[in-house]
Every structure is written in structure tokens, then in C-alpha cells.
>>> print(open('upload16.txt').read())   # compact mmCIF, C-alpha atoms and all ligand atoms
# COMPACT_ATOMS: atom_id res chain seq x y z
CA MET A 1 0.00 0.00 0.00
CA THR A 2 1.33 3.51 -0.87
CA GLU A 3 1.82 5.90 2.04
CA LEU A 4 -0.36 9.02 1.91
CA PRO A 5 1.68 12.25 2.05
CA ALA A 6 1.30 13.89 5.47
CA PRO A 7 -1.09 16.85 5.28
CA ARG A 8 0.52 20.28 5.73
CA PHE A 9 -2.21 21.17 8.25
CA PRO A 10 -3.18 18.01 10.14
CA ARG A 11 -5.74 19.85 12.35
CA LEU A 12 -8.19 22.14 10.58
CA LEU A 13 -10.83 24.44 12.05
CA VAL A 14 -13.50 25.00 9.41
CA THR A 15 -15.93 27.74 10.35
CA GLY A 16 -19.26 27.77 8.49
CA GLY A 17 -18.57 24.13 7.58
CA ALA A 18 -22.26 23.18 7.61
CA GLY A 19 -23.10 25.57 4.76
CA PHE A 20 -22.96 25.05 1.01
CA ILE A 21 -19.27 25.50 0.11
CA GLY A 22 -17.86 24.81 3.59
CA SER A 23 -19.55 21.40 3.79
CA CYS A 24 -18.21 20.49 0.34
CA PHE A 25 -14.72 21.42 1.55
CA VAL A 26 -15.18 19.24 4.66
CA ARG A 27 -16.63 16.26 2.75
CA ASP A 28 -13.84 16.39 0.16
CA ARG A 29 -11.06 16.75 2.75
CA LEU A 30 -12.38 13.86 4.85
CA ALA A 31 -12.74 11.68 1.75
CA ARG A 32 -8.99 12.05 1.10
CA ARG A 33 -8.39 9.83 4.14
CA ASP A 34 -5.05 11.50 4.82
CA GLY A 35 -5.54 11.64 8.58
CA THR A 36 -6.62 15.31 8.73
CA GLN A 37 -8.69 16.06 11.83
CA ILE A 38 -11.46 18.60 11.18
CA ALA A 39 -13.35 20.66 13.72
CA VAL A 40 -16.39 22.43 12.25
CA LEU A 41 -17.68 25.50 14.08
CA ASP A 42 -21.07 26.57 12.75
CA LYS A 43 -23.92 28.58 14.24
CA LEU A 44 -26.47 26.61 12.20
CA THR A 45 -28.34 29.68 11.02
CA TYR A 46 -31.18 29.13 8.54
CA ALA A 47 -28.39 28.39 5.99
CA GLY A 48 -26.46 25.83 8.05
CA ASN A 49 -27.54 22.21 7.86
CA LEU A 50 -26.07 19.19 9.62
CA ALA A 51 -27.45 17.00 6.84
CA ASN A 52 -24.73 18.52 4.64
CA LEU A 53 -22.13 16.66 6.71
CA ALA A 54 -24.02 13.35 6.89
CA ALA A 55 -21.80 11.64 4.28
CA GLY A 56 -18.72 12.10 6.49
CA GLU A 57 -20.58 11.10 9.63
CA ALA A 58 -21.86 7.88 8.01
CA ASP A 59 -18.32 6.63 7.37
CA PRO A 60 -16.66 5.50 10.65
CA GLU A 61 -13.11 6.37 9.55
CA GLN A 62 -14.18 9.88 8.49
CA ALA A 63 -16.53 10.38 11.45
CA ALA A 64 -13.63 9.69 13.83
CA ARG A 65 -11.80 12.67 12.32
CA LEU A 66 -14.77 15.07 12.33
CA ARG A 67 -15.94 17.09 15.31
CA PHE A 68 -18.91 19.44 15.13
CA VAL A 69 -19.34 22.41 17.48
CA ARG A 70 -22.43 24.59 17.30
CA GLY A 71 -21.45 28.20 17.97
CA ASP A 72 -20.93 31.73 16.71
CA ILE A 73 -17.63 32.91 15.23
CA ALA A 74 -18.28 36.23 16.97
CA ASP A 75 -18.17 34.47 20.37
CA ALA A 76 -14.55 34.73 21.55
CA ALA A 77 -15.00 32.19 24.37
CA ILE A 78 -16.03 29.47 21.92
CA VAL A 79 -13.52 30.45 19.26
CA ALA A 80 -10.33 30.67 21.38
CA PRO A 81 -9.94 26.98 22.39
CA LEU A 82 -10.86 25.80 18.89
CA VAL A 83 -8.23 28.01 17.29
CA ALA A 84 -5.75 26.85 19.94
CA GLY A 85 -6.25 23.28 18.69
CA ALA A 86 -5.89 24.09 14.99
CA ASP A 87 -2.96 24.32 12.57
CA ALA A 88 -5.12 26.33 10.16
CA VAL A 89 -8.48 28.09 10.20
CA VAL A 90 -10.60 28.25 7.04
CA ASN A 91 -13.41 30.77 7.44
CA PHE A 92 -16.49 30.07 5.33
CA ALA A 93 -18.90 31.40 7.98
CA ALA A 94 -20.93 34.31 6.68
CA GLU A 95 -24.34 35.65 6.01
CA SER A 96 -24.14 35.04 2.28
CA HIS A 97 -27.31 36.16 0.50
CA VAL A 98 -27.42 39.60 -1.16
CA ASP A 99 -31.23 39.85 -1.06
CA ARG A 100 -31.32 39.15 2.68
CA SER A 101 -28.63 41.79 3.21
CA ILE A 102 -30.92 44.31 1.54
CA LEU A 103 -33.82 43.30 3.81
CA ASP A 104 -31.78 43.06 7.08
CA PRO A 105 -28.14 44.22 6.92
CA GLU A 106 -27.24 43.97 10.62
CA ALA A 107 -26.56 40.23 10.86
CA PHE A 108 -24.07 40.71 8.02
CA LEU A 109 -22.02 43.15 10.08
CA ARG A 110 -22.01 40.87 13.09
CA THR A 111 -20.83 37.75 11.27
CA ASP A 112 -18.98 38.97 8.17
CA VAL A 113 -17.08 41.76 9.99
CA LEU A 114 -17.09 41.27 13.77
CA GLY A 115 -16.92 37.47 13.41
CA VAL A 116 -13.81 37.76 11.25
CA HIS A 117 -12.24 40.12 13.80
CA VAL A 118 -12.86 37.60 16.62
CA LEU A 119 -11.27 34.79 14.59
CA LEU A 120 -8.27 36.98 13.79
CA GLU A 121 -7.80 37.93 17.43
CA ALA A 122 -7.76 34.24 18.37
CA CYS A 123 -5.14 33.59 15.67
CA ARG A 124 -3.10 36.48 17.00
CA ALA A 125 -3.18 35.03 20.52
CA GLU A 126 -1.93 31.72 19.09
CA GLN A 127 0.81 33.53 17.20
CA GLU A 128 1.97 34.99 20.51
CA ARG A 129 1.92 31.52 22.09
CA ALA A 130 4.05 30.25 19.19
CA ALA A 131 6.51 33.12 19.75
CA ARG A 132 6.78 32.02 23.40
CA GLY A 133 7.45 28.45 22.28
CA GLU A 134 4.10 27.21 23.61
CA ARG A 135 3.09 25.78 20.24
CA ALA A 136 5.09 24.81 17.14
CA ALA A 137 3.78 27.45 14.72
CA ALA A 138 1.09 30.09 14.49
CA PRO A 139 -2.09 28.96 12.72
CA ARG A 140 -2.61 29.91 9.08
CA PHE A 141 -5.86 31.84 8.45
CA LEU A 142 -7.76 31.63 5.18
CA GLN A 143 -10.63 34.05 4.61
CA VAL A 144 -13.15 32.96 2.00
CA SER A 145 -14.21 36.15 0.25
CA THR A 146 -16.06 36.93 -2.96
CA ASP A 147 -15.78 38.57 -6.37
CA GLU A 148 -18.60 40.89 -5.24
CA VAL A 149 -16.06 43.05 -3.37
CA TYR A 150 -14.96 44.46 -6.75
CA GLY A 151 -18.48 45.73 -7.44
CA SER A 152 -20.12 45.63 -10.85
CA VAL A 153 -17.60 45.14 -13.67
CA GLU A 154 -18.95 46.64 -16.86
CA SER A 155 -16.11 45.33 -19.05
CA GLY A 156 -12.82 43.47 -18.72
CA GLU A 157 -11.81 41.45 -15.65
CA SER A 158 -11.00 42.30 -12.04
CA HIS A 159 -7.42 41.76 -10.87
CA GLU A 160 -6.45 41.20 -7.26
CA GLU A 161 -4.90 44.67 -6.92
CA ASP A 162 -7.99 46.49 -8.24
CA ARG A 163 -9.93 48.88 -6.04
CA LEU A 164 -12.70 47.37 -3.96
CA GLU A 165 -16.06 48.95 -4.77
CA PRO A 166 -18.71 46.85 -3.01
CA ARG A 167 -22.27 48.00 -3.67
CA SER A 168 -24.54 45.86 -1.46
CA PRO A 169 -24.62 45.50 2.35
CA TYR A 170 -23.40 41.91 1.83
CA SER A 171 -20.42 42.79 -0.33
CA ALA A 172 -19.54 45.81 1.82
CA ALA A 173 -19.43 43.56 4.90
CA LYS A 174 -17.33 40.96 3.04
CA ALA A 175 -14.92 43.70 1.91
CA ALA A 176 -14.60 44.94 5.49
CA GLY A 177 -13.89 41.39 6.65
CA GLU A 178 -11.09 40.84 4.20
CA LEU A 179 -9.57 44.27 4.87
CA LEU A 180 -9.33 43.28 8.53
CA VAL A 181 -7.44 40.16 7.42
CA HIS A 182 -5.08 42.30 5.36
CA SER A 183 -4.54 44.67 8.29
CA CYS A 184 -3.54 41.74 10.53
CA PHE A 185 -1.04 40.51 7.96
CA VAL A 186 0.51 43.99 7.66
CA THR A 187 0.41 44.97 11.34
CA TYR A 188 1.04 41.70 13.16
CA GLY A 189 2.56 39.54 10.43
CA LEU A 190 -0.27 37.03 10.74
CA ASP A 191 -0.03 34.13 8.29
CA ALA A 192 -3.19 34.91 6.35
CA VAL A 193 -4.51 34.47 2.81
CA VAL A 194 -7.73 35.55 1.10
CA THR A 195 -9.66 33.94 -1.75
CA ARG A 196 -12.25 35.73 -3.89
CA GLY A 197 -14.52 33.15 -5.45
CA SER A 198 -17.10 33.69 -8.15
CA ASN A 199 -20.74 32.56 -8.27
CA THR A 200 -20.77 28.99 -7.05
CA TYR A 201 -23.34 26.30 -7.86
CA GLY A 202 -23.83 22.58 -7.24
CA PRO A 203 -25.39 20.12 -4.75
CA TYR A 204 -26.42 21.30 -1.25
CA HIS A 205 -26.89 24.91 -2.44
CA HIS A 206 -29.54 26.67 -0.33
CA PRO A 207 -32.70 27.20 -2.42
CA GLU A 208 -32.69 30.97 -1.80
CA LYS A 209 -30.05 31.38 -4.57
CA LEU A 210 -30.85 31.64 -8.29
CA ILE A 211 -29.94 28.16 -9.60
CA PRO A 212 -31.42 26.02 -6.79
CA LEU A 213 -34.45 28.33 -6.43
CA PHE A 214 -35.28 28.01 -10.09
CA ILE A 215 -34.65 24.24 -10.20
CA THR A 216 -36.81 23.53 -7.14
CA ASN A 217 -39.60 25.93 -8.15
CA ALA A 218 -39.63 24.47 -11.68
CA ILE A 219 -39.86 20.90 -10.33
CA ASP A 220 -43.06 22.05 -8.60
CA ASP A 221 -44.28 24.04 -11.64
CA GLN A 222 -44.02 27.26 -9.63
CA GLN A 223 -43.20 30.68 -11.05
CA LEU A 224 -39.53 31.65 -11.54
CA PRO A 225 -38.91 35.28 -10.51
CA LEU A 226 -36.28 36.68 -12.88
CA TYR A 227 -35.02 40.10 -11.74
CA GLY A 228 -35.23 42.92 -14.28
CA ASP A 229 -34.23 42.09 -17.85
CA GLY A 230 -32.31 38.94 -16.76
CA LEU A 231 -29.25 40.07 -18.71
CA GLN A 232 -27.04 40.40 -15.63
CA ARG A 233 -23.92 38.28 -16.06
CA ARG A 234 -22.32 35.92 -13.57
CA ASP A 235 -19.26 33.63 -13.87
CA TRP A 236 -20.28 30.16 -12.64
CA LEU A 237 -17.92 27.97 -10.61
CA TYR A 238 -18.73 24.39 -9.58
CA VAL A 239 -18.71 23.92 -5.82
CA GLY A 240 -16.15 21.09 -5.89
CA ASP A 241 -13.79 23.31 -7.87
CA HIS A 242 -14.32 26.24 -5.49
CA ALA A 243 -13.63 24.05 -2.44
CA GLY A 244 -10.61 22.48 -4.17
CA ALA A 245 -9.16 25.87 -5.09
CA ILE A 246 -9.55 27.06 -1.48
CA GLY A 247 -7.66 23.96 -0.29
CA HIS A 248 -4.95 24.63 -2.87
CA VAL A 249 -4.52 28.24 -1.72
CA LEU A 250 -4.49 27.09 1.90
CA GLU A 251 -1.57 24.79 1.16
CA HIS A 252 0.35 26.79 -1.44
CA GLY A 253 -0.76 30.43 -1.22
CA LEU A 254 1.68 33.17 -0.21
CA ALA A 255 0.97 34.84 3.13
CA GLY A 256 -0.65 38.26 2.68
CA GLU A 257 -1.82 37.44 -0.86
CA VAL A 258 -5.30 37.51 -2.38
CA TYR A 259 -6.32 34.91 -4.99
CA ASN A 260 -9.22 35.26 -7.40
CA ILE A 261 -11.09 32.01 -8.11
CA PRO A 262 -12.97 32.52 -11.37
CA GLY A 263 -15.23 29.86 -12.87
CA GLY A 264 -14.49 30.56 -16.54
CA ASN A 265 -18.21 30.23 -17.36
CA GLU A 266 -19.66 33.70 -17.79
CA ARG A 267 -23.36 33.59 -18.71
CA ALA A 268 -26.35 35.94 -18.68
CA ASN A 269 -28.95 34.83 -16.12
CA ARG A 270 -31.45 34.25 -18.94
CA GLU A 271 -29.09 31.78 -20.64
CA VAL A 272 -28.72 29.82 -17.40
CA VAL A 273 -32.49 29.69 -16.92
CA VAL A 274 -33.07 28.51 -20.51
CA ARG A 275 -30.63 25.64 -19.95
CA LEU A 276 -32.15 24.68 -16.58
CA LEU A 277 -35.62 24.50 -18.12
CA GLU A 278 -34.30 22.35 -20.98
CA LEU A 279 -32.67 19.97 -18.52
CA LEU A 280 -35.91 19.74 -16.50
CA GLY A 281 -38.23 19.59 -19.53
CA LYS A 282 -40.22 22.58 -18.22
CA PRO A 283 -41.66 25.53 -20.22
CA TRP A 284 -40.30 29.11 -20.37
CA SER A 285 -43.81 30.31 -19.45
CA LEU A 286 -42.92 29.59 -15.79
CA VAL A 287 -40.47 32.53 -15.89
CA ARG A 288 -41.83 35.88 -14.66
CA ARG A 289 -40.07 39.19 -15.08
CA VAL A 290 -40.16 40.84 -11.62
CA GLU A 291 -38.95 44.09 -10.08
CA ASP A 292 -35.15 44.22 -10.09
CA ARG A 293 -32.87 43.82 -7.04
CA PRO A 294 -31.99 47.35 -5.81
CA GLY A 295 -28.39 48.24 -6.73
CA HIS A 296 -28.15 45.02 -8.75
CA ASP A 297 -24.57 44.43 -9.92
CA ARG A 298 -24.69 43.95 -13.67
CA ARG A 299 -21.65 41.77 -14.15
CA TYR A 300 -18.79 40.05 -12.33
CA ALA A 301 -15.67 38.77 -14.06
CA MET A 302 -12.21 38.05 -12.65
CA ASP A 303 -8.76 37.33 -13.99
CA GLY A 304 -7.43 33.98 -12.72
CA ALA A 305 -3.75 34.20 -13.73
CA ARG A 306 -2.45 34.34 -10.14
CA LEU A 307 -4.26 31.18 -9.10
CA ALA A 308 -3.27 29.40 -12.32
CA ALA A 309 0.38 30.32 -11.62
CA LEU A 310 -0.04 28.66 -8.22
CA GLY A 311 -0.88 25.45 -10.11
CA TRP A 312 -4.68 25.27 -9.82
CA GLN A 313 -7.09 24.39 -12.63
CA ASN A 314 -10.85 23.90 -12.38
CA GLU A 315 -12.14 20.52 -13.54
CA MET A 316 -15.90 20.71 -14.00
CA PRO A 317 -17.25 21.96 -17.37
CA PHE A 318 -20.35 24.14 -16.91
CA GLU A 319 -22.71 21.95 -18.96
CA ALA A 320 -21.80 18.80 -17.01
CA GLY A 321 -21.91 20.64 -13.68
CA LEU A 322 -25.36 22.07 -14.37
CA ALA A 323 -26.70 18.68 -15.47
CA ALA A 324 -25.26 17.01 -12.33
CA THR A 325 -26.81 19.74 -10.18
CA VAL A 326 -30.27 19.31 -11.70
CA GLU A 327 -29.98 15.53 -11.17
CA TRP A 328 -28.99 16.08 -7.55
CA TYR A 329 -32.05 18.25 -6.82
CA LEU A 330 -34.31 15.73 -8.56
CA HIS A 331 -32.93 12.91 -6.39
CA ASN A 332 -32.63 14.77 -3.09
CA GLN A 333 -36.05 16.31 -2.74
CA ALA A 334 -36.29 15.54 1.00
CA TRP A 335 -33.21 17.76 1.55
CA TRP A 336 -34.64 20.90 -0.09
CA ARG A 337 -38.28 20.33 0.81
CA ALA A 338 -37.28 20.38 4.50
CA ILE A 339 -35.60 23.76 3.93
CA LYS A 340 -38.56 25.14 1.97
CA ALA A 341 -40.73 24.97 5.07
CA GLY A 342 -40.88 27.04 8.26
CA GLU A 343 -38.71 30.19 8.13
CA TRP A 344 -38.55 29.87 4.36
CA GLU A 345 -42.21 30.75 3.83
CA ASP A 346 -41.90 34.12 5.62
CA TYR A 347 -38.75 34.94 3.71
CA TYR A 348 -40.28 33.94 0.37
CA ARG A 349 -43.35 36.08 1.01
CA ARG A 350 -41.23 39.10 2.01
CA GLN A 351 -38.90 38.78 -0.95
CA TYR A 352 -41.29 37.73 -3.70
CA ALA A 353 -45.01 38.23 -2.94
CA THR A 354 -45.23 41.84 -4.14
CA ARG A 355 -42.73 41.19 -6.93
CA LEU A 356 -44.70 38.23 -8.29
CA ALA A 357 -48.02 40.06 -7.94
CA GLY A 358 -46.63 42.85 -10.15
CA SER A 359 -44.76 40.52 -12.51
CA ARG A 360 -45.12 40.17 -16.26
CA ASP A 361 -44.33 37.73 -18.98
CA ALA A 362 -40.54 37.37 -19.34
CA GLY A 363 -40.70 37.50 -23.14
P1 LIG B 401 -23.95 29.52 3.17
O1 LIG B 401 -24.88 30.62 3.50
O2 LIG B 401 -24.47 28.32 2.46
O3 LIG B 401 -23.25 28.99 4.50
C1 LIG B 401 -22.80 29.83 5.51
C2 LIG B 401 -22.56 28.96 6.74
O4 LIG B 401 -22.07 29.81 7.78
C3 LIG B 401 -23.84 28.31 7.29
O5 LIG B 401 -23.58 26.97 7.64
C4 LIG B 401 -24.17 29.13 8.53
O6 LIG B 401 -24.87 28.42 9.53
C5 LIG B 401 -22.78 29.54 8.97
N1 LIG B 401 -22.77 30.77 9.78
C6 LIG B 401 -23.42 31.95 9.52
N2 LIG B 401 -23.17 32.83 10.49
C7 LIG B 401 -22.34 32.22 11.39
C8 LIG B 401 -21.73 32.62 12.58
N3 LIG B 401 -21.92 33.86 13.08
N4 LIG B 401 -20.94 31.76 13.23
C9 LIG B 401 -20.76 30.50 12.75
N5 LIG B 401 -21.32 30.06 11.62
C10 LIG B 401 -22.11 30.91 10.93
O7 LIG B 401 -22.78 30.20 2.37
P2 LIG B 401 -21.88 29.62 1.17
O8 LIG B 401 -22.57 29.91 -0.10
O9 LIG B 401 -21.44 28.26 1.50
O10 LIG B 401 -20.65 30.63 1.28
C11 LIG B 401 -19.54 30.32 2.11
C12 LIG B 401 -18.55 31.46 2.04
O11 LIG B 401 -18.14 31.65 0.68
C13 LIG B 401 -19.12 32.79 2.48
O12 LIG B 401 -18.11 33.46 3.21
C14 LIG B 401 -19.44 33.54 1.20
O13 LIG B 401 -19.32 34.92 1.38
C15 LIG B 401 -18.35 32.99 0.29
N6 LIG B 401 -18.66 32.95 -1.14
C16 LIG B 401 -19.81 32.34 -1.58
C17 LIG B 401 -20.04 32.24 -2.96
C18 LIG B 401 -21.30 31.60 -3.51
O14 LIG B 401 -21.59 31.76 -4.71
N7 LIG B 401 -22.06 30.85 -2.70
C19 LIG B 401 -19.11 32.76 -3.86
C20 LIG B 401 -17.96 33.39 -3.37
C21 LIG B 401 -17.74 33.45 -2.00
O1 LIG B 402 -20.45 36.26 -6.93
C1 LIG B 402 -20.30 35.57 -5.73
C2 LIG B 402 -21.56 35.68 -4.94
O2 LIG B 402 -22.53 34.89 -5.63
C3 LIG B 402 -21.43 35.22 -3.50
O3 LIG B 402 -20.52 36.05 -2.84
C4 LIG B 402 -22.78 35.23 -2.80
O4 LIG B 402 -22.64 34.68 -1.49
C5 LIG B 402 -23.74 34.40 -3.60
O5 LIG B 402 -25.03 34.45 -3.02
C6 LIG B 402 -23.80 34.88 -5.05
O6 LIG B 402 -24.41 36.19 -5.14
P1 LIG B 402 -25.43 36.59 -6.31
O7 LIG B 402 -26.26 37.71 -5.84
O8 LIG B 402 -24.75 36.74 -7.61
O9 LIG B 402 -26.27 35.19 -6.37
P2 LIG B 402 -27.82 34.91 -6.48
O10 LIG B 402 -27.98 33.45 -6.70
O11 LIG B 402 -28.61 35.54 -5.39
O12 LIG B 402 -28.22 35.66 -7.84
C7 LIG B 402 -27.59 35.33 -9.07
C8 LIG B 402 -28.19 36.22 -10.14
O13 LIG B 402 -29.56 35.87 -10.32
C9 LIG B 402 -28.18 37.69 -9.77
O14 LIG B 402 -27.98 38.46 -10.96
C10 LIG B 402 -29.60 37.93 -9.24
C11 LIG B 402 -30.43 36.97 -10.06
N1 LIG B 402 -31.63 36.44 -9.38
C12 LIG B 402 -31.48 35.89 -8.16
C13 LIG B 402 -32.56 35.40 -7.46
C14 LIG B 402 -32.41 34.79 -6.10
C15 LIG B 402 -32.87 36.52 -10.00
O15 LIG B 402 -33.02 36.99 -11.14
N2 LIG B 402 -33.96 36.04 -9.31
C16 LIG B 402 -33.86 35.50 -8.06
O16 LIG B 402 -34.92 35.11 -7.49
>>> encode(input="upload16.txt", output="C-alpha cells", more="lines below")
Ligand code: NAD
Ligand code: DAU
Amino acid sequence: MTELPAPRFPRLLVTGGAGFIGSCFVRDRLARRDGTQIAVLDKLTYAGNLANLAAGEADPEQAARLRFVRGDIADAAIVAPLVAGADAVVNFAAESHVDRSILDPEAFLRTDVLGVHVLLEACRAEQERAARGERAAAPRFLQVSTDEVYGSVESGESHEEDRLEPRSPYSAAKAAGELLVHSCFVTYGLDAVVTRGSNTYGPYHHPEKLIPLFITNAIDDQQLPLYGDGLQRRDWLYVGDHAGAIGHVLEHGLAGEVYNIPGGNERANREVVVRLLELLGKPWSLVRRVEDRPGHDRRYAMDGARLAALGWQNEMPFEAGLAATVEWYLHNQAWWRAIKAGEWEDYYRRQYATRLAGSRDAG
């Protein structure tokens, strides 16, 4: 039997690891069977779901290396001992939905800004312990950020050194979070890296977001609320590729550096919806043109040369990824039907009732 290479970070703290991308990262890392021990800290907000980690928990070898702690990244008392036991911290925890940030911005400040500060302070305390010889090395910190910090990109591609021009409460909070990370690298020499990922899709994606909302509504022959003219452009990245790229940056990224993670699949929303309906065999007449998102960013696009130079390449072609995603939602209806109950109904009414009442044919 061939020996597995020892992981660079044998003990990981993954915050927000019960969400969409974080749980993919955890499942994929555990499935490597390289001995990595993973502690997941997650508040289990409406977006967190223990079912997302069930695959790891069902396998005894993986379950033995996974520990779940329910808690808030903004709670220093919970965070400190977990960071003390970690060689690296990967922070996925965030309020992540732009529309919810427009309805209720405050939770975004608490988690996406203050939460990041609390995690950084815990890393700083561990760095001091390392300097006193009380642990081997300071923990590495990876902040999962987003292409939305660049704001709307009318033409060309965003580079890592470009100005940040966030335009929604969500992206402003994410920008603040990553600027705190940068400040800790500059001021305290913290070993920290930042990734800026593009629009991610795939299994276990919360149905509040465009692709899973439209798939699950279409399965039930419900209306599909397309904002404005539907010509906004997003660059789609498969979740396994996003999680893989984050792992690659964790292991190989330069301290203090930011890495864009583009998908290489820029599409207008309308094009994506056409393809989803084809895959599901459902009619375009389900699509309704509704009032636009306020401040809606027209386009995101990033240059990926820095990440490519680090040796990373995405694997999933968009067509295959979209087809696999549709299949997953068709075969995992219990997962999303449980989410589309309770809190969901209030949110859906608040976000869409007036919009759908005033909607028109999407042409
Ligand atoms: P998600 O909403 O599916 O998951 C977020 C997770 O964080 C949930 O499990 C939730 O319970 C947890 N959480 C929220 N607040 C917390 C707190 N205070 N303490 C502990 N846990 C908390 O989000 P996602 O789509 O998986 O995104 C993960 C990260 O990636 C986020 O930081 C997001 O900004 C970033 N990102 C997402 C995308 C995308 O398209 N989904 C693209 C680029 C970057
Ligand atoms: O770009 C990365 C970002 O992608 C992440 O940082 C965010 O966490 C993630 O939520 C996502 O943000 P978007 O706002 O781009 O994703 P969302 O799925 O909400 O919307 C995608 C596009 O679809 C956007 O142009 C708005 C539009 N849309 C969305 C919804 C939910 C609609 O037309 N109708 C809808 O009902």
C-alpha cells in the first residue's frame, strides 16, 4: 500500500462548515483519508444544515476525524480553544445572501465583519503563544471572500490589486472582513490568505439562490422570478472546484496574498435559466419578469492568472456541472423540501409576494 503524504495542516478548524461550500470542503477533505482532523464551528443559522455533513458522519473512519461544534464565530470564548487546537483556520462562515442583506443588513455586520475580527484575534493570541514556544507554529488563516467586493464590472476582468467597490450591504461587509485580514497581515505579520470566489453552484446549495431556487420551483411548476431584464452576467464555478481551489490556496498560497477564483463560465442569467428548463423539460412560461434587485450588480468577471500560476485548474465543465446539479435536486427532494418549510415561507413572502403580484411575462 502507498503511504499518503502527510497533510501540511493536520488539524483544521472549518468555520461555516455546515453551509454550502464549507460542507463540500469538509466532505472532500475527509474523503482524502489522509488523517486530517477537522473541527467544524457553525452557528447553524437558517443556511447551516447538519445533513450537509451526513456523508462524512456515516463513514466510521471519516466520522472519527470530524468534530462538530455549534457556535458563533463572533463568540470569543467558543472560538479561542478551537483556534488553539488548529494548525489552520478556514473561514467560510458568513451571512451570504445579497437579497437578505438588503432586507436586514445587521446580521451581516455581526458575522462577516465582527466574526472575522474575533477569529483573527484568536489567531493572533496563538501567534503569541508560538513566539513564546508554547506551540510549534502560528495557525494559518484563510478568509473565503467573494468577487462581489470588486463591485459591478462593466467590461474586462478584475485583478487582485484592483480597487474594492462593493455595492450591497453583503459585499460591503465581506470587503470589510477581508480588509481586517489584510490589516492583521501587515500589522502583526499574521499568516493569512484571502480567496475571492465567483458565483458557485452545485449540490447542497440553499434554495434561496438563483440556480437552486429556479430548479426547485420548476420541479413544482411554480413561477420563476427573474429580476429585471435577466441580462445580468455571472461567472459560474462548480462547488467542488471552489472548495478544491480554497484547499490549494491554503496549502500553497503566499501569506498576505489575495487569490481570485474565477469559474471561466460567464453567462447571462437568462441563458442559465433557458438551460435549466431544458434539462428539466419545463416551459419558459414559468419565468416571470419581476422588479429588479436594488443596486443590482450587472456583471462580475475576474482574472485567474495568479491562481493558475499557483498550479490550480478547475475541472468541471459548466454543462456537465449544471446537469449534475439538476440531477442532484431531482434525487434529493427531501433535503430541499425540508428547507422550503418554516422560516422559508416568511422569507419567500417578504422577498417575492409583491414582486410576483406585479410581474409580467418574461418574453
Ligand atoms: P452559506 O450561506 O451556504 O453557508 C454559511 C454557513 O455559515 C452556514 O452553515 C451558517 O450556519 C454559517 N454561519 C453563519 N453565520 C455564522 C456565525 N456567526 N458563526 C458560525 N457560523 C455561521 O454560504 P456559502 O454559499 O457556502 O458561502 C460560504 C462562504 O463563501 C461565504 O463566506 C461567502 O461569502 C463565500 N462565497 C460564496 C459564494 C457563492 O456563490 N455561494 C461565492 C464566493 C464566495
Ligand atoms: O459572486 C459571488 C456571490 O454569488 C457570492 O458572494 C454570494 O454569497 C452568492 O449568493 C452569489 O451572489 P449573487 O447575488 O450573484 O447570487 P444569487 O444566486 O442571489 O443571484 C444570481 C443572479 O440571479 C443575480 O444576478 C440575481 C439573479 N436572481 C437571483 C434570485 C435569487 C434573480 O433573477 N432572481 C432571483 O430570485
>>> residues_near_ligand(input="upload16.txt", ligand="ligand LIG 401 (chain B)", cutoff="8 Å", atoms="all atoms listed in the file", output="VMD selection string")
chain A and resid 15 to 23 41 to 49 70 to 74 91 to 97 110 to 112 115 143 to 148 174 196 to 201 205 to 206 237
>>> closest_residue(input="upload16.txt", among="A:Asp241, A:Glu157, A:Asp221, A:Asp99", to="ligand LIG 402 (chain B)", atoms="only C-alpha atoms and all ligand atoms")
A:Asp99
>>> residues_near_point(input="upload16.txt", point="(-38.5, 22.8, -13.9)", cutoff="12 Å", atoms="all atoms listed in the file", output="mmCIF file with C-alpha atoms, keeping the file's coordinate frame")
data_model
loop_
_atom_site.group_PDB
_atom_site.id
_atom_site.type_symbol
_atom_site.label_atom_id
_atom_site.label_comp_id
_atom_site.auth_asym_id
_atom_site.auth_seq_id
_atom_site.Cartn_x
_atom_site.Cartn_y
_atom_site.Cartn_z
ATOM 1 C CA ILE A 211 -29.940 28.160 -9.600
ATOM 2 C CA PRO A 212 -31.420 26.020 -6.790
ATOM 3 C CA LEU A 213 -34.450 28.330 -6.430
ATOM 4 C CA PHE A 214 -35.280 28.010 -10.090
ATOM 5 C CA ILE A 215 -34.650 24.240 -10.200
ATOM 6 C CA THR A 216 -36.810 23.530 -7.140
ATOM 7 C CA ASN A 217 -39.600 25.930 -8.150
ATOM 8 C CA ALA A 218 -39.630 24.470 -11.680
ATOM 9 C CA ILE A 219 -39.860 20.900 -10.330
ATOM 10 C CA ASP A 220 -43.060 22.050 -8.600
ATOM 11 C CA ASP A 221 -44.280 24.040 -11.640
ATOM 12 C CA GLN A 222 -44.020 27.260 -9.630
ATOM 13 C CA GLN A 223 -43.200 30.680 -11.050
ATOM 14 C CA LEU A 224 -39.530 31.650 -11.540
ATOM 15 C CA VAL A 273 -32.490 29.690 -16.920
ATOM 16 C CA VAL A 274 -33.070 28.510 -20.510
ATOM 17 C CA ARG A 275 -30.630 25.640 -19.950
ATOM 18 C CA LEU A 276 -32.150 24.680 -16.580
ATOM 19 C CA LEU A 277 -35.620 24.500 -18.120
ATOM 20 C CA GLU A 278 -34.300 22.350 -20.980
ATOM 21 C CA LEU A 279 -32.670 19.970 -18.520
ATOM 22 C CA LEU A 280 -35.910 19.740 -16.500
ATOM 23 C CA GLY A 281 -38.230 19.590 -19.530
ATOM 24 C CA LYS A 282 -40.220 22.580 -18.220
ATOM 25 C CA PRO A 283 -41.660 25.530 -20.220
ATOM 26 C CA TRP A 284 -40.300 29.110 -20.370
ATOM 27 C CA SER A 285 -43.810 30.310 -19.450
ATOM 28 C CA LEU A 286 -42.920 29.590 -15.790
ATOM 29 C CA VAL A 287 -40.470 32.530 -15.890
ATOM 30 C CA VAL A 326 -30.270 19.310 -11.700
ATOM 31 C CA GLU A 327 -29.980 15.530 -11.170
ATOM 32 C CA TYR A 329 -32.050 18.250 -6.820
ATOM 33 C CA LEU A 330 -34.310 15.730 -8.560
#
>>> closest_residue(input="upload16.txt", among="A:His331, A:Arg288, A:Arg299, A:Arg233", to="A:Asn269", atoms="all atoms listed in the file")
A:Arg233
>>> residues_around(input="upload16.txt", residues="A:Ala245", least_positions_apart="5", cutoff="10 Å", atoms="only C-alpha atoms", output="list of chain:residue names")
A:Phe25, A:Thr195, A:Gly197, A:Val239, A:Gly240, A:Leu250, A:Glu251, A:Tyr259, A:Asn260, A:Ile261, A:Pro262, A:Leu307, A:Ala308, A:Gly311, A:Trp312, A:Gln313, A:Asn314
>>> closest_residue(input="upload16.txt", among="A:Asp297, A:Ala64, A:Arg132, A:Gly202", to="A:Ala243", atoms="only C-alpha atoms")
A:Gly202
>>> atom_distance(input="upload16.txt", atom1="atom CA of A:Ser171", atom2="atom CA of A:Gly342")
27.2 Å
>>> closest_residue(input="upload16.txt", among="A:Gly35, A:Gly321, A:Gly156, A:Pro169", to="ligand LIG 402 (chain B)", atoms="only C-alpha atoms and all ligand atoms")
A:Pro169
>>> closest_residue(input="upload16.txt", among="A:Arg11, A:Arg100, A:Arg65, A:Arg135", to="A:Leu82", atoms="only C-alpha atoms")
A:Arg11
>>> atom_distance(input="upload16.txt", atom1="atom CA of A:Thr36", atom2="atom CA of A:Glu121")
24.3 Å
>>> atom_distance(input="upload16.txt", atom1="atom CA of A:Val40", atom2="atom CA of A:Pro10")
14.1 Å
